[in-house]
Structures are given as C-alpha cells and as structure tokens.
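Trainee: Contents of structure-v2.tsv (TSV, C-alpha atoms) are below:
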chain	number	residue	atom	x	y	z
A	16	MET	CA	-3.87	12.29	2.70
A	17	VAL	CA	-2.38	9.77	0.40
A	18	SER	CA	-5.14	7.52	-0.94
A	19	CYS	CA	-4.97	3.77	-0.40
A	20	THR	CA	-4.98	3.54	-4.21
A	21	GLU	CA	-1.58	5.29	-4.13
A	22	PHE	CA	-0.07	3.01	-1.51
A	23	ILE	CA	1.90	0.79	-3.88
A	24	PRO	CA	4.22	3.52	-5.20
A	25	MET	CA	4.62	4.78	-1.64
A	26	TYR	CA	5.59	1.26	-0.59
A	27	SER	CA	8.11	0.91	-3.40
A	28	GLU	CA	9.65	4.28	-2.52
A	29	LEU	CA	9.81	3.18	1.12
A	30	PHE	CA	11.93	0.17	0.17
A	31	LYS	CA	14.19	2.41	-1.90
A	32	TYR	CA	14.48	4.92	0.94
A	33	ILE	CA	15.40	2.30	3.55
A	34	ASP	CA	17.84	0.61	1.15
A	35	LYS	CA	19.68	3.84	0.37
A	36	LYS	CA	19.60	5.14	3.94
A	37	GLY	CA	22.11	2.48	4.89
A	38	GLY	CA	22.21	-1.29	5.04
A	39	GLY	CA	20.98	-1.94	1.52
A	40	HIS	CA	18.69	-4.89	0.91
A	41	ASP	CA	19.42	-6.32	4.37
A	42	ALA	CA	17.88	-3.21	5.91
A	43	VAL	CA	14.81	-3.64	3.71
A	44	MET	CA	14.61	-7.26	4.76
A	45	ARG	CA	14.63	-6.16	8.42
A	46	TYR	CA	11.69	-3.89	7.68
A	47	TRP	CA	9.77	-6.71	6.03
A	48	LEU	CA	10.45	-8.99	9.00
A	49	TRP	CA	9.34	-6.28	11.43
A	50	LEU	CA	6.11	-5.65	9.51
A	51	GLY	CA	5.44	-9.37	9.23
A	52	ASP	CA	5.91	-9.83	12.95
A	53	THR	CA	3.74	-6.90	14.04
A	54	TYR	CA	0.70	-5.68	12.13
A	55	LEU	CA	0.43	-8.54	9.65
A	56	ARG	CA	0.87	-11.22	12.31
A	57	HIS	CA	-1.83	-9.50	14.34
A	58	ASN	CA	-4.28	-9.95	11.43
A	59	LEU	CA	-3.24	-13.31	10.04
A	60	GLU	CA	-2.29	-15.36	13.09
A	61	PRO	CA	-5.72	-15.61	14.75
A	62	LEU	CA	-7.12	-17.03	11.52
A	63	VAL	CA	-4.45	-19.65	10.85
A	64	ARG	CA	-4.10	-20.60	14.50
A	65	GLU	CA	-7.81	-21.25	14.83
A	66	LYS	CA	-8.65	-22.53	11.35
A	67	GLY	CA	-5.36	-23.69	9.84
A	68	MET	CA	-5.35	-23.68	6.05
A	69	ASP	CA	-9.03	-22.63	6.04
A	70	GLY	CA	-7.90	-19.45	7.79
A	71	ALA	CA	-5.25	-18.79	5.16
A	72	TRP	CA	-7.88	-19.25	2.44
A	73	GLU	CA	-10.18	-16.80	4.23
A	74	TYR	CA	-7.41	-14.22	4.67
A	75	TRP	CA	-6.15	-14.22	1.10
A	76	THR	CA	-9.43	-14.57	-0.77
A	77	ARG	CA	-10.56	-11.31	0.84
A	78	SER	CA	-7.37	-9.35	0.29
A	79	LEU	CA	-6.77	-10.66	-3.24
A	80	SER	CA	-10.32	-9.63	-4.17
A	81	GLU	CA	-9.95	-6.16	-2.66
A	82	GLU	CA	-6.68	-5.73	-4.50
A	83	ALA	CA	-8.50	-6.57	-7.77
A	84	CYS	CA	-6.08	-9.31	-8.70
A	85	ASP	CA	-6.16	-11.36	-11.88
A	86	ILE	CA	-5.59	-14.71	-10.24
A	87	LYS	CA	-6.54	-18.35	-10.09
A	88	TYR	CA	-6.53	-19.50	-6.47
A	89	VAL	CA	-7.23	-23.15	-5.69
A	90	TYR	CA	-7.65	-24.79	-2.30
A	91	ASP	CA	-7.13	-28.55	-2.45
A	92	ARG	CA	-8.72	-29.45	0.86
A	93	ASP	CA	-7.86	-33.15	0.65
A	94	HIS	CA	-4.15	-32.36	0.48
A	95	GLU	CA	-4.34	-29.12	2.49
A	96	GLU	CA	-2.65	-27.12	-0.23
A	97	ILE	CA	-3.44	-23.68	-1.61
A	98	LEU	CA	-2.12	-23.09	-5.11
A	99	SER	CA	-2.01	-19.69	-6.75
A	100	HIS	CA	-1.33	-18.40	-10.20
A	101	MET	CA	-1.23	-14.61	-10.16
A	102	ARG	CA	-1.72	-13.93	-13.85
A	103	HIS	CA	-1.37	-10.20	-13.32
A	104	CYS	CA	-0.45	-8.71	-9.95
A	105	PRO	CA	-2.11	-5.30	-9.53
A	106	SER	CA	0.69	-4.03	-7.31
A	107	LYS	CA	3.57	-4.84	-9.63
A	108	GLY	CA	1.29	-4.07	-12.55
A	109	HIS	CA	0.72	-0.52	-11.31
A	110	LEU	CA	4.43	-0.02	-10.81
A	111	LEU	CA	5.07	-1.12	-14.38
A	112	GLU	CA	2.42	1.34	-15.58
A	113	TYR	CA	4.08	4.21	-13.73
A	114	THR	CA	6.72	4.52	-16.42
A	115	TRP	CA	8.10	7.73	-14.89
A	116	MET	CA	9.10	5.84	-11.74
A	117	GLU	CA	11.70	3.18	-11.13
A	118	PRO	CA	10.26	0.40	-8.92
A	119	TYR	CA	12.41	-0.99	-6.12
A	120	TYR	CA	14.47	-3.69	-7.80
A	121	ASP	CA	13.24	-6.41	-5.42
A	122	TYR	CA	9.75	-5.04	-4.93
A	123	CYS	CA	8.14	-8.48	-5.21
A	124	GLY	CA	10.53	-9.92	-2.63
A	125	HIS	CA	8.38	-8.59	0.21
A	126	CYS	CA	5.52	-10.94	-0.57
A	127	ALA	CA	7.28	-14.17	0.41
A	128	VAL	CA	8.92	-12.64	3.49
A	129	LEU	CA	6.02	-10.80	5.15
A	130	TYR	CA	3.89	-13.82	6.02
A	131	LYS	CA	6.51	-16.58	6.17
A	132	LYS	CA	7.22	-16.62	9.90
A	133	THR	CA	3.60	-16.35	11.01
A	134	LEU	CA	2.60	-19.15	8.65
A	135	GLU	CA	5.50	-21.40	9.64
A	136	ASP	CA	4.80	-20.81	13.33
A	137	ASN	CA	1.39	-22.29	12.57
A	138	GLY	CA	2.60	-25.23	10.51
A	139	ILE	CA	2.08	-23.77	7.04
A	140	TYR	CA	4.96	-23.58	4.58
A	141	GLY	CA	5.29	-22.01	1.17
A	142	GLU	CA	7.16	-21.99	-2.10
A	143	ASN	CA	7.06	-19.39	-4.83
A	144	ASP	CA	7.99	-19.09	-8.46
A	145	TYR	CA	8.95	-15.50	-9.19
A	146	SER	CA	10.31	-16.08	-12.68
A	147	GLY	CA	7.51	-14.02	-14.22
A	148	VAL	CA	7.58	-10.94	-11.99
A	149	ASP	CA	8.96	-8.74	-14.76
A	150	HIS	CA	5.48	-8.95	-16.27
A	151	ALA	CA	3.66	-9.03	-12.90
A	152	GLU	CA	3.10	-12.79	-12.85
A	153	CYS	CA	3.96	-15.28	-10.12
A	154	LYS	CA	2.93	-18.65	-8.73
A	155	GLY	CA	2.88	-20.01	-5.22
A	156	VAL	CA	1.87	-22.89	-3.02
A	157	MET	CA	1.10	-23.16	0.68
A	158	TYR	CA	1.22	-26.62	2.22
A	159	LYS	CA	1.48	-28.59	5.46
A	160	LYS	CA	4.84	-30.23	5.97
A	161	GLU	CA	3.30	-33.28	7.60
A	162	ASN	CA	1.55	-34.00	4.30
A	163	GLY	CA	4.91	-34.49	2.60
A	164	GLY	CA	5.49	-31.04	1.13
A	165	PRO	CA	4.01	-29.61	-2.03
A	166	ARG	CA	3.07	-32.20	-4.56
A	167	PRO	CA	5.28	-32.30	-7.69
A	168	GLY	CA	3.88	-30.19	-10.49
A	169	TRP	CA	2.10	-27.75	-8.17
A	170	ASP	CA	3.15	-24.94	-10.47
A	171	ASN	CA	1.10	-26.38	-13.33
A	172	ILE	CA	-1.96	-24.70	-11.87
B	20	MET	CA	-13.69	-32.91	-0.44
B	21	GLU	CA	-14.17	-30.70	-3.44
B	22	ASN	CA	-11.53	-28.14	-4.28
B	23	LEU	CA	-12.39	-24.50	-3.64
B	24	VAL	CA	-11.54	-22.24	-6.58
B	25	MET	CA	-11.41	-18.48	-6.84
B	26	ASP	CA	-10.73	-17.47	-10.43
B	27	ILE	CA	-11.04	-13.72	-10.80
B	28	LYS	CA	-10.06	-11.03	-13.29
B	29	ALA	CA	-9.00	-7.52	-12.35
B	30	GLU	CA	-12.27	-6.10	-13.67
B	31	ASP	CA	-14.32	-8.35	-11.36
B	32	ASN	CA	-13.46	-6.19	-8.35
B	33	GLU	CA	-12.80	-2.55	-7.67
B	34	TYR	CA	-9.27	-1.69	-6.64
B	35	LEU	CA	-9.90	-0.45	-3.12
B	36	HIS	CA	-7.94	-2.18	-0.39
B	37	LYS	CA	-8.29	0.14	2.57
B	38	ASP	CA	-5.97	-1.98	4.70
B	39	PHE	CA	-3.26	-0.18	2.73
B	40	HIS	CA	-3.89	2.89	4.91
B	41	ILE	CA	-2.61	0.90	7.87
B	42	SER	CA	0.28	-0.54	5.87
B	43	GLY	CA	1.23	2.98	4.82
B	44	ASP	CA	1.12	4.18	8.39
B	45	ASN	CA	3.26	1.24	9.44
B	46	GLY	CA	5.89	2.46	6.98
B	47	LEU	CA	5.80	5.92	8.53
B	48	LEU	CA	6.01	4.42	12.02
B	49	TYR	CA	9.07	2.37	11.10
B	50	VAL	CA	10.87	5.25	9.42
B	51	GLY	CA	9.94	7.64	12.22
B	52	GLN	CA	11.19	5.32	14.95
B	53	LYS	CA	14.36	4.40	13.08
B	54	TYR	CA	15.33	7.62	11.33
B	55	GLY	CA	13.38	10.28	13.22
B	56	ASP	CA	11.13	13.10	12.07
B	57	ASN	CA	13.60	14.17	9.39
B	58	GLY	CA	13.63	10.62	8.05
B	59	VAL	CA	9.86	10.75	7.56
B	60	ARG	CA	10.28	14.07	5.82
B	61	GLU	CA	13.02	12.76	3.53
B	62	TYR	CA	11.00	9.66	2.67
B	63	LEU	CA	7.83	11.56	1.84
B	64	TYR	CA	9.68	14.18	-0.21
B	65	GLN	CA	11.25	11.33	-2.18
B	66	PHE	CA	7.86	9.69	-2.74
B	67	THR	CA	6.09	12.92	-3.69
B	68	LYS	CA	8.70	14.02	-6.19
B	69	ALA	CA	8.83	10.57	-7.76
B	70	PHE	CA	5.14	9.76	-7.96
B	71	TYR	CA	3.27	12.98	-8.71
B	72	VAL	CA	5.24	13.85	-11.85
B	73	PRO	CA	2.18	13.56	-14.16
B	74	MET	CA	0.23	15.98	-11.94
B	75	PHE	CA	3.16	18.40	-11.95
B	76	GLU	CA	3.04	18.35	-15.75
B	77	VAL	CA	-0.69	19.10	-15.82
B	78	TYR	CA	-0.08	21.95	-13.37
B	79	LYS	CA	2.16	23.65	-15.92
B	80	LYS	CA	-0.82	23.91	-18.26
B	81	GLU	CA	-3.75	24.33	-15.88
B	82	GLY	CA	-2.29	25.89	-12.75
B	83	LEU	CA	-3.96	25.44	-9.38
B	84	LYS	CA	-7.01	23.78	-10.94
B	85	ALA	CA	-4.81	20.77	-11.72
B	86	LEU	CA	-3.91	20.52	-8.06
B	87	MET	CA	-7.54	20.84	-6.98
B	88	ASP	CA	-8.67	18.15	-9.43
B	89	HIS	CA	-5.90	15.86	-8.27
B	90	GLN	CA	-6.80	16.24	-4.60
B	91	GLN	CA	-10.52	15.81	-5.29
B	92	LYS	CA	-9.90	12.52	-7.09
B	93	LEU	CA	-8.22	11.11	-3.99
B	94	TYR	CA	-11.45	11.46	-2.02
B	95	GLU	CA	-13.54	10.13	-4.90
B	96	ALA	CA	-11.26	7.08	-5.02
B	97	GLU	CA	-11.87	6.59	-1.29
B	98	LYS	CA	-15.67	6.76	-1.85
B	99	MET	CA	-15.92	9.82	0.39
B	100	PRO	CA	-16.21	12.74	-2.06
B	101	GLU	CA	-18.56	14.58	0.30
B	102	VAL	CA	-15.80	15.33	2.82
B	103	PHE	CA	-13.80	17.34	0.26
B	104	HIS	CA	-14.32	21.09	-0.15
B	105	ALA	CA	-12.16	23.43	-2.22
B	106	GLU	CA	-11.99	27.15	-2.76
B	107	LEU	CA	-10.02	28.14	-5.84
B	108	THR	CA	-8.92	31.68	-6.68
B	109	ASP	CA	-6.35	32.99	-9.14
B	110	ASP	CA	-3.70	32.92	-6.43
B	111	SER	CA	-4.66	30.20	-4.01
B	112	LEU	CA	-6.34	26.87	-3.41
B	113	THR	CA	-7.84	26.24	0.01
B	114	ILE	CA	-8.92	22.70	0.81
B	115	THR	CA	-11.08	21.68	3.74
B	116	ILE	CA	-11.56	18.04	4.67
B	117	ASP	CA	-14.41	17.19	7.04
B	118	LYS	CA	-12.86	13.87	8.02
B	119	CYS	CA	-10.04	11.78	6.63
B	120	PRO	CA	-10.99	8.50	4.91
B	121	GLY	CA	-7.71	6.97	6.07
B	122	VAL	CA	-8.20	7.87	9.72
B	123	THR	CA	-11.87	6.83	9.51
B	124	PHE	CA	-10.91	3.40	8.20
B	125	MET	CA	-8.02	2.84	10.61
B	126	LYS	CA	-10.11	3.74	13.63
B	127	SER	CA	-12.91	1.45	12.41
B	128	ARG	CA	-10.36	-1.36	12.66
B	129	GLY	CA	-9.27	-0.37	16.15
B	130	TYR	CA	-5.96	0.95	14.87
B	131	THR	CA	-4.60	4.27	16.12
B	132	PRO	CA	-2.61	6.13	13.47
B	133	SER	CA	0.97	6.95	14.36
B	134	LYS	CA	2.02	10.48	15.23
B	135	TRP	CA	3.54	10.71	11.74
B	136	TYR	CA	0.28	10.06	9.86
B	137	ILE	CA	-0.37	13.80	9.67
B	138	GLU	CA	2.70	14.03	7.45
B	139	LEU	CA	0.82	12.39	4.59
B	140	THR	CA	-1.05	15.68	4.45
B	141	ARG	CA	1.48	18.21	5.80
B	142	THR	CA	4.79	17.02	4.40
B	143	VAL	CA	3.32	15.72	1.15
B	144	GLY	CA	1.53	19.05	0.77
B	145	MET	CA	4.77	20.94	1.39
B	146	ALA	CA	6.65	18.73	-1.04
B	147	ILE	CA	4.05	19.32	-3.74
B	148	ALA	CA	4.17	23.06	-3.07
B	149	ASP	CA	7.98	23.12	-3.25
B	150	GLU	CA	7.92	21.28	-6.54
B	151	LEU	CA	5.38	23.75	-7.98
B	152	ASP	CA	7.06	26.81	-6.48
B	153	LEU	CA	4.02	27.49	-4.30
B	154	GLY	CA	3.57	28.34	-0.66
B	155	PHE	CA	1.78	25.91	1.65
B	156	SER	CA	0.17	26.34	5.03
B	157	MET	CA	-1.82	24.00	7.19
B	158	GLU	CA	-4.40	25.84	9.20
B	159	TYR	CA	-5.53	22.92	11.36
B	160	TYR	CA	-5.45	19.17	11.64
B	161	ASN	CA	-7.60	17.15	14.03
B	162	GLU	CA	-5.88	13.92	15.01
B	163	GLU	CA	-9.19	12.41	16.12
B	164	ASP	CA	-10.71	12.23	12.66
B	165	GLY	CA	-8.14	13.76	10.32
B	166	ALA	CA	-10.31	16.81	9.63
B	167	CYS	CA	-8.05	19.52	8.27
B	168	LYS	CA	-7.70	22.70	6.30
B	169	TYR	CA	-4.72	23.61	4.18
B	170	LYS	CA	-3.82	26.11	1.54
B	171	TYR	CA	-1.58	26.34	-1.49
B	172	PHE	CA	-0.79	29.86	-2.59
B	173	LYS	CA	1.33	31.72	-5.08
B	174	ARG	CA	4.26	33.24	-3.29
B	175	ALA	CA	5.06	36.93	-3.53
B	176	PHE	CA	8.80	36.34	-3.29
Step by step, read the file and then write its structure as structure tokens.
Mentor:
Amino acid sequence: MVSCTEFIPMYSELFKYIDKKGGGHDAVMRYWLWLGDTYLRHNLEPLVREKGMDGAWEYWTRSLSEEACDIKYVYDRDHEEILSHMRHCPSKGHLLEYTWMEPYYDYCGHCAVLYKKTLEDNGIYGENDYSGVDHAECKGVMYKKENGGPRPGWDNI
Amino acid sequence: MENLVMDIKAEDNEYLHKDFHISGDNGLLYVGQKYGDNGVREYLYQFTKAFYVPMFEVYKKEGLKALMDHQQKLYEAEKMPEVFHAELTDDSLTITIDKCPGVTFMKSRGYTPSKWYIELTRTVGMAIADELDLGFSMEYYNEEDGACKYKYFKRAF
C-alpha cells in the first residue's frame, strides 16, 4: 500500500510519467480533464448543483482542513464570492521539502483545471493568481458571472 | 449577511486526507486503461525509485529493519497500526496486513478499487526489492479487503 500521506509525490510522478510517455503537457491536461469529469465531478457536482456557492464552501472547507492547509478562506455571501489565500499549500510544500525529487514543472496547474468544468456547468467561475507557487503560495476567487465577475482587488485578501 | 471565514494554520489539522486513496487509484486506472499493465508497472517503478530514496539510504545502514520500520509507519500514518504484523530475520522480512486502510476507506465511500490497485503493494514492493537487491514474493492478496502477505528476502544468487 502507498499511504494517502504519500499521494502527492505519486501524483507529481504521474504527471511526469504521462508527459514523457507521449503528448507532453497536452497529455497531462487530458488526464486532468478526465479526472475532473469523472470522480471529482461525482463528488462536487451534487453539492454545487443543489446548494450553489454554499456547496462549494462545504466541499472545500472539508478538503482544505483534511489537507492541513495554511489558508485564509472567506465566503462573502452578499456577493456570492469565495476568496482564498493559500499561504502555504501542503501539497506543493511537501514537494519542495522532498529535495531529492524534481516536482512536475506544472504541478500546480492541475488545481485550476480539475474543477473548472464542473463549476462552470453550475454557474460558478474562477480566477487564480499562481505567481507565488514557487514558495507554495497562491490566491483564488470563485464568483457568479451574473454578479458582474470578481470584484476588483479580490486578491487583496 | 456576515462573511464566513476559515483561517487555519497547518498545525491546526492533521495531514490525513483519505480521499487521496481514491485519487491515487484513479491515476492507476487512467494509466492502466491508456498504457496497459506495463504502463502501470513503469509508472510505479518510476515513483518508487524517485520517492523512497531516503529509505534506501537508511537501508544501507540498518538493513531489513529499515524496510520494516518504513512499512510500519505507513499504517501508523493511516491510523490503523493494528493491521500491520512483521516477522524479521537476518535474511527476510515477512509482512502480513489484516486489511488495507486504502481499500477500507474506498469501500466505505462506495468506491470499488481498480484492478490495478494491488500494484501499489505488488509492483511497489518489487520495485523496492529491485532497488535494494532483494527478492520479493507476494503470498496472497485479498481484493475484498486488501488483506495480504508479502516477503522481502536476501537472494542467494
């Protein structure tokens, strides 16, 4: 058995394997889209279809806690926006700690792709700021398009 | 309405996201369906050789005890230390697992592991053995609950 605490390096090596097997990053992207449209949709879609942004809040507050994230996560219910500031991502953080391994060069790219289609199919859109991923930091916002998009300055969370 | 805020540090929660067992199995499923059994084998050899380097180093100093300690920690991390049993001799390490934490979790979520899930024990075990110049044999594996018995041994050739 590989423990769930060892999943992140296995994930990173999976991306590297698929990339090198043929098709490069496009092949990895196809994997992310497949995963997002199968298992992850199965878990996320019932929540966001039934509860909208409340469902997204429920989904991520559980998983971000179980992943022991260092994060500020804010749900502005009046504007139906969820803002996040991942101060230290445990997944990327672990990969940076494993100095004997080389992480997949676009490891963090999976995060925006996996959930995008399921969320958009249910009227929720997102933007991300990945400028800090080299030190395991990122920011994001989820919003409803009918509310006019993310409010300016969302990344000042 | 008031904003909802989750502001957590890594130390506020234990790093134990068991959903990663299913995510890991999804990776095996994708590779198996796309690249076949040998693809799964290639992927897991790549992962094992890349990730377990620190354990391989400890093995050089401590021998089979290093391997036993490493395997035991996996089950402690999963909060199921009681399912792990080891018999260590000068020449061999036999490990018996009463039931697999990964399979237990996946089935509790109504998810049936793919036919390649066994390879996280069999192929990863073989890859570790190859790296350490050991023999490896799997005496049994029960797909229902992941119960298994496997052995690392010093080769006579």
Trainee: Neighbours of A:Tyr88 within 10 Å (all atoms listed in the file; same-chain residues fewer than 4 positions away dropped), as a list in words?
Mentor: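 Counting only the stated atoms, we get Trp72, Trp75, Thr76, Leu79, Ile97, Leu98, Ser99, His100, Met101, Lys154, Gly155, Val156 and Ile172 of chain A; Leu23, Val24, Met25, Asp26 and Ile27 of chain B.
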Trainee: Kindly give the distance, in Å, that separates atom CA of A:Glu112 and atom CA of B:Glu76, rounded to a single decimal.
Mentor: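 Straight-line distance from atom CA of A:Glu112 to atom CA of B:Glu76 works out to 17.0 Å.
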Trainee: Rank nothing, just name the residue among A:Arg56, A:Tyr74, A:Arg102, A:Leu62 nearest to chain B, using all atoms listed in the file.
Mentor: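 Selected residue with least distance to chain B: A:Arg102.
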Trainee: So for stretch 75-81 of chain A, what box centre and size do we get, axis-aligned, 4 Å extra on each of the six sides, every listed atom, Å to one decimal, as JSON?
Mentor:
{"center_x": -8.4, "center_y": -10.4, "center_z": -1.5, "size_x": 12.4, "size_y": 16.4, "size_z": 13.3}
Trainee: Which one of A:Leu111, A:Val89, A:Leu48, A:Leu59 sits closest to chain B if you count only C-alpha atoms?
Mentor: A:Val89
Trainee: Neighbours of stretch 139-151 of chain A within 8 Å (all atoms listed in the file; same-chain residues fewer than 4 positions away dropped), as an MDAnalysis selection string?
Mentor: chainID A and resid 67:68 101:105 107:108 123 127 131 134:135 155:160 170
Trainee: Could the residues in this selection be written to a file with C-alpha atoms, as a compact mmCIF listing (two decimals), keeping the file's coordinate frame?
Mentor:
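As a result, out_17.txt now contains:
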# COMPACT_ATOMS: atom_id res chain seq x y z
CA GLY A 67 -5.36 -23.69 9.84
CA MET A 68 -5.35 -23.68 6.05
CA MET A 101 -1.23 -14.61 -10.16
CA ARG A 102 -1.72 -13.93 -13.85
CA HIS A 103 -1.37 -10.20 -13.32
CA CYS A 104 -0.45 -8.71 -9.95
CA PRO A 105 -2.11 -5.30 -9.53
CA LYS A 107 3.57 -4.84 -9.63
CA GLY A 108 1.29 -4.07 -12.55
CA CYS A 123 8.14 -8.48 -5.21
CA ALA A 127 7.28 -14.17 0.41
CA LYS A 131 6.51 -16.58 6.17
CA LEU A 134 2.60 -19.15 8.65
CA GLU A 135 5.50 -21.40 9.64
CA GLY A 155 2.88 -20.01 -5.22
CA VAL A 156 1.87 -22.89 -3.02
CA MET A 157 1.10 -23.16 0.68
CA TYR A 158 1.22 -26.62 2.22
CA LYS A 159 1.48 -28.59 5.46
CA LYS A 160 4.84 -30.23 5.97
CA ASP A 170 3.15 -24.94 -10.47
Trainee: Enumerate, in order of chain and increasing residue number, the residues of chain A with an atom no farther than 8 Å from chain B, each with its shortest atom pair and distance in Å to one decimal, counting all atoms listed in the file, as a tab-separated table.
Mentor:
residue	atom	partner	partner_atom	distance
A:Met16	CA	B:Thr140	CA	4.7
A:Val17	CA	B:Leu139	CA	5.9
A:Ser18	CA	B:Leu93	CA	5.6
A:Cys19	CA	B:Phe39	CA	5.3
A:Thr20	CA	B:Leu35	CA	6.4
A:Phe22	CA	B:Phe39	CA	6.2
A:Pro24	CA	B:Phe70	CA	6.9
A:Met25	CA	B:Phe66	CA	6.0
A:Tyr26	CA	B:Gly43	CA	7.2
A:Glu28	CA	B:Phe66	CA	5.7
A:Leu29	CA	B:Tyr62	CA	6.8
A:Tyr32	CA	B:Tyr62	CA	6.1
A:Ile33	CA	B:Val50	CA	8.0
A:Tyr46	CA	B:Tyr49	CA	7.6
A:Leu50	CA	B:Asn45	CA	7.5
A:Tyr54	CA	B:Asn45	CA	7.9
A:Thr76	CA	B:Met25	CA	7.5
A:Ser78	CA	B:His36	CA	7.2
A:Ser80	CA	B:Asn32	CA	6.3
A:Glu81	CA	B:His36	CA	5.0
A:Glu82	CA	B:Tyr34	CA	5.3
A:Ala83	CA	B:Ala29	CA	4.7
A:Cys84	CA	B:Ala29	CA	5.0
A:Asp85	CA	B:Lys28	CA	4.2
A:Ile86	CA	B:Ile27	CA	5.6
A:Lys87	CA	B:Asp26	CA	4.3
A:Tyr88	CA	B:Met25	CA	5.0
A:Val89	CA	B:Val24	CA	4.5
A:Tyr90	CA	B:Leu23	CA	4.9
A:Asp91	CA	B:Asn22	CA	4.8
A:Arg92	CA	B:Asn22	CA	6.0
A:Asp93	CA	B:Met20	CA	5.9
A:Pro105	CA	B:Ala29	CA	7.8
A:Trp115	CA	B:Val72	CA	7.4
A:Met116	CA	B:Ala69	CA	6.2
Trainee: Can you give me N, CA and C atoms for stretch 136-162 of chain A, written as a PDB file, in the frame of the given file?
Mentor:
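What landed in result_24.pdb:
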ATOM      1  N   ASP A 136       5.092 -20.621  11.894  1.00  0.00           N
ATOM      2  CA  ASP A 136       4.800 -20.810  13.330  1.00  0.00           C
ATOM      3  C   ASP A 136       3.507 -21.584  13.529  1.00  0.00           C
ATOM      4  N   ASN A 137       2.676 -21.592  12.493  1.00  0.00           N
ATOM      5  CA  ASN A 137       1.390 -22.290  12.570  1.00  0.00           C
ATOM      6  C   ASN A 137       1.339 -23.485  11.627  1.00  0.00           C
ATOM      7  N   GLY A 138       2.518 -23.971  11.247  1.00  0.00           N
ATOM      8  CA  GLY A 138       2.600 -25.230  10.510  1.00  0.00           C
ATOM      9  C   GLY A 138       2.334 -25.146   9.017  1.00  0.00           C
ATOM     10  N   ILE A 139       2.336 -23.939   8.472  1.00  0.00           N
ATOM     11  CA  ILE A 139       2.080 -23.770   7.040  1.00  0.00           C
ATOM     12  C   ILE A 139       3.350 -23.263   6.361  1.00  0.00           C
ATOM     13  N   TYR A 140       3.729 -23.922   5.280  1.00  0.00           N
ATOM     14  CA  TYR A 140       4.960 -23.580   4.580  1.00  0.00           C
ATOM     15  C   TYR A 140       4.630 -23.148   3.152  1.00  0.00           C
ATOM     16  N   GLY A 141       5.585 -22.500   2.507  1.00  0.00           N
ATOM     17  CA  GLY A 141       5.290 -22.010   1.170  1.00  0.00           C
ATOM     18  C   GLY A 141       6.476 -22.081   0.235  1.00  0.00           C
ATOM     19  N   GLU A 142       6.160 -22.122  -1.043  1.00  0.00           N
ATOM     20  CA  GLU A 142       7.160 -21.990  -2.100  1.00  0.00           C
ATOM     21  C   GLU A 142       6.602 -21.041  -3.137  1.00  0.00           C
ATOM     22  N   ASN A 143       7.502 -20.340  -3.812  1.00  0.00           N
ATOM     23  CA  ASN A 143       7.060 -19.390  -4.830  1.00  0.00           C
ATOM     24  C   ASN A 143       7.901 -19.512  -6.087  1.00  0.00           C
ATOM     25  N   ASP A 144       7.278 -19.178  -7.186  1.00  0.00           N
ATOM     26  CA  ASP A 144       7.990 -19.090  -8.460  1.00  0.00           C
ATOM     27  C   ASP A 144       7.858 -17.645  -8.933  1.00  0.00           C
ATOM     28  N   TYR A 145       8.963 -16.922  -8.833  1.00  0.00           N
ATOM     29  CA  TYR A 145       8.950 -15.500  -9.190  1.00  0.00           C
ATOM     30  C   TYR A 145       9.557 -15.235 -10.569  1.00  0.00           C
ATOM     31  N   SER A 146       9.639 -16.264 -11.397  1.00  0.00           N
ATOM     32  CA  SER A 146      10.310 -16.080 -12.680  1.00  0.00           C
ATOM     33  C   SER A 146       9.557 -15.133 -13.617  1.00  0.00           C
ATOM     34  N   GLY A 147       8.286 -14.878 -13.316  1.00  0.00           N
ATOM     35  CA  GLY A 147       7.510 -14.020 -14.220  1.00  0.00           C
ATOM     36  C   GLY A 147       7.258 -12.618 -13.688  1.00  0.00           C
ATOM     37  N   VAL A 148       7.953 -12.212 -12.620  1.00  0.00           N
ATOM     38  CA  VAL A 148       7.580 -10.940 -11.990  1.00  0.00           C
ATOM     39  C   VAL A 148       7.855  -9.724 -12.879  1.00  0.00           C
ATOM     40  N   ASP A 149       8.721  -9.883 -13.874  1.00  0.00           N
ATOM     41  CA  ASP A 149       8.960  -8.740 -14.760  1.00  0.00           C
ATOM     42  C   ASP A 149       7.716  -8.370 -15.558  1.00  0.00           C
ATOM     43  N   HIS A 150       6.780  -9.301 -15.673  1.00  0.00           N
ATOM     44  CA  HIS A 150       5.480  -8.950 -16.270  1.00  0.00           C
ATOM     45  C   HIS A 150       4.349  -9.222 -15.261  1.00  0.00           C
ATOM     46  N   ALA A 151       4.666  -9.030 -13.985  1.00  0.00           N
ATOM     47  CA  ALA A 151       3.660  -9.030 -12.900  1.00  0.00           C
ATOM     48  C   ALA A 151       2.974 -10.376 -12.715  1.00  0.00           C
ATOM     49  N   GLU A 152       3.677 -11.455 -13.001  1.00  0.00           N
ATOM     50  CA  GLU A 152       3.100 -12.790 -12.850  1.00  0.00           C
ATOM     51  C   GLU A 152       3.916 -13.595 -11.834  1.00  0.00           C
ATOM     52  N   CYS A 153       3.237 -14.386 -11.012  1.00  0.00           N
ATOM     53  CA  CYS A 153       3.960 -15.280 -10.120  1.00  0.00           C
ATOM     54  C   CYS A 153       3.061 -16.461  -9.747  1.00  0.00           C
ATOM     55  N   LYS A 154       3.677 -17.480  -9.189  1.00  0.00           N
ATOM     56  CA  LYS A 154       2.930 -18.650  -8.730  1.00  0.00           C
ATOM     57  C   LYS A 154       3.386 -18.982  -7.311  1.00  0.00           C
ATOM     58  N   GLY A 155       2.503 -19.640  -6.578  1.00  0.00           N
ATOM     59  CA  GLY A 155       2.880 -20.010  -5.220  1.00  0.00           C
ATOM     60  C   GLY A 155       2.076 -21.190  -4.719  1.00  0.00           C
ATOM     61  N   VAL A 156       2.595 -21.796  -3.670  1.00  0.00           N
ATOM     62  CA  VAL A 156       1.870 -22.890  -3.020  1.00  0.00           C
ATOM     63  C   VAL A 156       2.069 -22.781  -1.519  1.00  0.00           C
ATOM     64  N   MET A 157       1.006 -23.033  -0.775  1.00  0.00           N
ATOM     65  CA  MET A 157       1.100 -23.160   0.680  1.00  0.00           C
ATOM     66  C   MET A 157       0.716 -24.599   1.016  1.00  0.00           C
ATOM     67  N   TYR A 158       1.447 -25.206   1.934  1.00  0.00           N
ATOM     68  CA  TYR A 158       1.220 -26.620   2.220  1.00  0.00           C
ATOM     69  C   TYR A 158       1.552 -26.917   3.684  1.00  0.00           C
ATOM     70  N   LYS A 159       1.133 -28.095   4.118  1.00  0.00           N
ATOM     71  CA  LYS A 159       1.480 -28.590   5.460  1.00  0.00           C
ATOM     72  C   LYS A 159       2.632 -29.567   5.303  1.00  0.00           C
ATOM     73  N   LYS A 160       3.662 -29.379   6.109  1.00  0.00           N
ATOM     74  CA  LYS A 160       4.840 -30.230   5.970  1.00  0.00           C
ATOM     75  C   LYS A 160       4.518 -31.693   6.278  1.00  0.00           C
ATOM     76  N   GLU A 161       3.613 -31.893   7.217  1.00  0.00           N
ATOM     77  CA  GLU A 161       3.300 -33.280   7.600  1.00  0.00           C
ATOM     78  C   GLU A 161       2.622 -34.051   6.467  1.00  0.00           C
ATOM     79  N   ASN A 162       2.158 -33.331   5.453  1.00  0.00           N
ATOM     80  CA  ASN A 162       1.550 -34.000   4.300  1.00  0.00           C
ATOM     81  C   ASN A 162       2.589 -34.357   3.237  1.00  0.00           C
TER      82      ASN A 162
END
